[in-house]
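These notes are about the structure you will find just below.
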Amino acid sequence: MIIETILFDFDGTLAELHIDFSAMKRRIAAVAAEFLGRFPDPSPLPALEWIDALAHELGDGGDGRALAFWSQAMASIQALELEAASKGNLFSFTRRVLEELRARGVKIAVVTRNCEKAVRTVFPDMDGYGFKLFSRDHVARVKPDPDHLQTALRALNATRRESLMVGDHPLDIETGKRLGVRTAGVASGRVSLSELEAHRPDWIAPDCAALVHLLDAHNLLPPRRLGQR
């Protein structure tokens, strides 16, 4: 079936960003210590989920402590994300890939756990490339919750059967599978081709440019629209 809609992860998929997640968790722990009176034990949870868990631990006693912690913790990780974004770059192929897909009439969304400000810092001209952005600022539940992807599909008026989730991390593949869309892994981030392959995506490629070439070679993309070069 022809792929009419593609959902892209951002960090490591369309852009090179180096976020220190260990430092992020240290920042969260430092903020939490001000409210808990102790440093919390390290958690295997990702940063956003750990913030939610710690806010739940603080409870809703009516004193506003949970909300105050959550707001301060989110501000601390956003500062780190913006610092990384200021040093980040789009991959050399990103604009070319987006232009090619737009010329074929493919619907595109970027679905990321990062914040909108960080994405726009790295990609200031993003509004000219015809895709919709769904950062964590735009949804109630972020991936791996499949609702993050479903929100994007609804906005694009797209169906699962015609859609593909592309990302550089097993989390992206897991989220796509949970929703029931086709998946592709790209090894342009921190995860190798062999590691991605172990999670059994439908396609695998070194990067998004190679992936689009692969899909086109198998006649899985719409033809270019009349008049498009």
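A note on labels: chains of the structure tokens are A, B, ... as shown, every chain counts residues from 1, and ligands are counted from 1 in their shown order.
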
For this session: Write out as a ChimeraX atom specification which residues come within 10 Å of range 66-74 of chain A when counting only C-alpha atoms, dropping same-chain ones fewer than 6 positions away.
Result: /A:24-25,27-36,47-48,51-60

With N, CA and C atoms kept, could you save the residues just selected as a PDB file, in the first residue's frame?
ATOM      1  N   MET A  24      20.091  16.016  32.668  1.00  0.00           N
ATOM      2  CA  MET A  24      18.680  16.358  32.791  1.00  0.00           C
ATOM      3  C   MET A  24      18.095  15.750  34.065  1.00  0.00           C
ATOM      4  N   LYS A  25      18.430  14.496  34.321  1.00  0.00           N
ATOM      5  CA  LYS A  25      17.889  13.852  35.521  1.00  0.00           C
ATOM      6  C   LYS A  25      18.487  14.451  36.792  1.00  0.00           C
ATOM      7  N   ARG A  27      19.212  17.572  37.136  1.00  0.00           N
ATOM      8  CA  ARG A  27      18.461  18.818  37.334  1.00  0.00           C
ATOM      9  C   ARG A  27      17.097  18.534  37.959  1.00  0.00           C
ATOM     10  N   ILE A  28      16.447  17.498  37.477  1.00  0.00           N
ATOM     11  CA  ILE A  28      15.142  17.131  38.046  1.00  0.00           C
ATOM     12  C   ILE A  28      15.289  16.779  39.519  1.00  0.00           C
ATOM     13  N   ALA A  29      16.314  15.981  39.829  1.00  0.00           N
ATOM     14  CA  ALA A  29      16.537  15.562  41.221  1.00  0.00           C
ATOM     15  C   ALA A  29      16.796  16.769  42.115  1.00  0.00           C
ATOM     16  N   ALA A  30      17.548  17.743  41.610  1.00  0.00           N
ATOM     17  CA  ALA A  30      17.868  18.929  42.410  1.00  0.00           C
ATOM     18  C   ALA A  30      16.608  19.741  42.707  1.00  0.00           C
ATOM     19  N   VAL A  31      15.740  19.870  41.703  1.00  0.00           N
ATOM     20  CA  VAL A  31      14.476  20.584  41.925  1.00  0.00           C
ATOM     21  C   VAL A  31      13.607  19.803  42.911  1.00  0.00           C
ATOM     22  N   ALA A  32      13.529  18.490  42.734  1.00  0.00           N
ATOM     23  CA  ALA A  32      12.697  17.666  43.618  1.00  0.00           C
ATOM     24  C   ALA A  32      13.170  17.743  45.061  1.00  0.00           C
ATOM     25  N   ALA A  33      14.485  17.824  45.264  1.00  0.00           N
ATOM     26  CA  ALA A  33      15.033  17.856  46.620  1.00  0.00           C
ATOM     27  C   ALA A  33      14.537  19.069  47.396  1.00  0.00           C
ATOM     28  N   GLU A  34      14.294  20.173  46.693  1.00  0.00           N
ATOM     29  CA  GLU A  34      13.793  21.373  47.366  1.00  0.00           C
ATOM     30  C   GLU A  34      12.389  21.151  47.933  1.00  0.00           C
ATOM     31  N   PHE A  35      11.632  20.250  47.311  1.00  0.00           N
ATOM     32  CA  PHE A  35      10.251  20.005  47.737  1.00  0.00           C
ATOM     33  C   PHE A  35      10.143  18.782  48.651  1.00  0.00           C
ATOM     34  N   LEU A  36      10.992  17.777  48.414  1.00  0.00           N
ATOM     35  CA  LEU A  36      10.915  16.542  49.193  1.00  0.00           C
ATOM     36  C   LEU A  36      11.741  16.603  50.480  1.00  0.00           C
ATOM     37  N   ALA A  47      12.784  11.170  31.582  1.00  0.00           N
ATOM     38  CA  ALA A  47      12.692  12.415  32.347  1.00  0.00           C
ATOM     39  C   ALA A  47      11.263  12.914  32.529  1.00  0.00           C
ATOM     40  N   LEU A  48      10.485  12.971  31.455  1.00  0.00           N
ATOM     41  CA  LEU A  48       9.126  13.515  31.559  1.00  0.00           C
ATOM     42  C   LEU A  48       8.258  12.662  32.474  1.00  0.00           C
ATOM     43  N   ILE A  51       9.259  13.193  36.147  1.00  0.00           N
ATOM     44  CA  ILE A  51       8.679  14.430  36.696  1.00  0.00           C
ATOM     45  C   ILE A  51       7.231  14.197  37.110  1.00  0.00           C
ATOM     46  N   ASP A  52       6.468  13.519  36.266  1.00  0.00           N
ATOM     47  CA  ASP A  52       5.065  13.242  36.598  1.00  0.00           C
ATOM     48  C   ASP A  52       4.953  12.370  37.842  1.00  0.00           C
ATOM     49  N   ALA A  53       5.841  11.369  37.953  1.00  0.00           N
ATOM     50  CA  ALA A  53       5.815  10.470  39.111  1.00  0.00           C
ATOM     51  C   ALA A  53       6.158  11.228  40.396  1.00  0.00           C
ATOM     52  N   LEU A  54       7.150  12.101  40.327  1.00  0.00           N
ATOM     53  CA  LEU A  54       7.533  12.871  41.508  1.00  0.00           C
ATOM     54  C   LEU A  54       6.433  13.862  41.894  1.00  0.00           C
ATOM     55  N   ALA A  55       5.779  14.448  40.911  1.00  0.00           N
ATOM     56  CA  ALA A  55       4.662  15.352  41.207  1.00  0.00           C
ATOM     57  C   ALA A  55       3.539  14.592  41.887  1.00  0.00           C
ATOM     58  N   HIS A  56       3.293  13.366  41.426  1.00  0.00           N
ATOM     59  CA  HIS A  56       2.265  12.529  42.063  1.00  0.00           C
ATOM     60  C   HIS A  56       2.656  12.222  43.504  1.00  0.00           C
ATOM     61  N   GLU A  57       3.941  11.961  43.737  1.00  0.00           N
ATOM     62  CA  GLU A  57       4.413  11.670  45.089  1.00  0.00           C
ATOM     63  C   GLU A  57       4.189  12.864  46.020  1.00  0.00           C
ATOM     64  N   LEU A  58       4.339  14.077  45.485  1.00  0.00           N
ATOM     65  CA  LEU A  58       4.122  15.272  46.292  1.00  0.00           C
ATOM     66  C   LEU A  58       2.650  15.483  46.626  1.00  0.00           C
ATOM     67  N   GLY A  59       1.791  14.841  45.814  1.00  0.00           N
ATOM     68  CA  GLY A  59       0.370  14.839  46.130  1.00  0.00           C
ATOM     69  C   GLY A  59      -0.336  16.120  45.742  1.00  0.00           C
ATOM     70  N   ASP A  60      -1.639  16.125  46.021  1.00  0.00           N
ATOM     71  CA  ASP A  60      -2.469  17.293  45.701  1.00  0.00           C
ATOM     72  C   ASP A  60      -3.126  17.803  46.989  1.00  0.00           C
TER      73      ASP A  60
END

For this session: Would you kindly return, as a PyMOL selection string, each protein, DNA or RNA residue with an atom no farther than 12 Å from any atom of Asn89 in chain A, considering only C-alpha atoms and excluding same-chain residues fewer than 6 positions away?
Result: chain A and resi 10-18+95+118-124

Kindly provide the residues of range 45-100 of chain A that approach range 203-218 of chain A to within 12 Å, each paired with its closest atom pair and their distance in Å to one decimal, based on only C-alpha atoms, listed by chain and increasing number, as a tab-separated table.
residue	atom	partner	partner_atom	distance
A:Leu90	CA	A:Cys208	CA	11.9
A:Phe91	CA	A:Asp207	CA	9.4
A:Ser92	CA	A:Ala209	CA	9.5
A:Phe93	CA	A:Ala209	CA	6.2
A:Thr94	CA	A:Ala209	CA	7.6
A:Arg95	CA	A:Ala209	CA	10.1
A:Arg96	CA	A:Ala209	CA	8.2
A:Val97	CA	A:Ala209	CA	6.1
A:Leu98	CA	A:Ala209	CA	9.6
A:Glu99	CA	A:Ala209	CA	11.4
A:Glu100	CA	A:Val212	CA	8.9

For this session: If you run DSSP over the backbone, which residues in range 40-217 of chain A end up strand (DSSP E or B)? Put them as a ChimeraX atom specification.
Result: /A:89-90,107-111,132-134,163-167,182-186,203-205

For this session: Can you work out which one of A:Glu4, A:Asp20, A:Glu174, A:Asp9 has the shortest atom-to-atom distance to Ala158 in chain A, counting only C-alpha atoms?
Result: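 Answer, going by the shortest atom-to-atom distance: A:Glu4.
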
For this session: Going by DSSP on the backbone, which bits of range 68-199 of chain A are alpha helix (DSSP H)? Write them as a ChimeraX atom specification, please.
Result: /A:68-86,94-103,116-122,147-156,170-179,193-197

Exercise. Pick from A:Gly176, A:Pro223, A:Gly64, A:Gly128: nearest to Pro201 in chain A, with only C-alpha atoms counted?
Worked result: A:Gly176

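Here CA of Leu193 in chain A is placed at a distance of 10.2 Å from CA of His169 in chain A.
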
For this session: Just the residues within 10 Å of Leu153 in chain A, please, counting only C-alpha atoms, with nothing from its chain fewer than 2 positions along; format it as a PyMOL selection string.
Result: chain A and resi 5-7+107-109+147-151+155-160+163

For this session: In Å, rounded to a single decimal, give me how far CA of Arg38 in chain A is from CA of Ala140 in chain A.
Result: 29.3 Å

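From CA of Arg178 in chain A back to CA of Pro222 in chain A, the distance works out to 25.4 Å.
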
Exercise. Excluding same-chain residues fewer than 4 positions from Val191 in chain A, what lies within 7 Å of it counting only C-alpha atoms, as a ChimeraX atom specification?
Worked result: /A:168-169,187,195-196
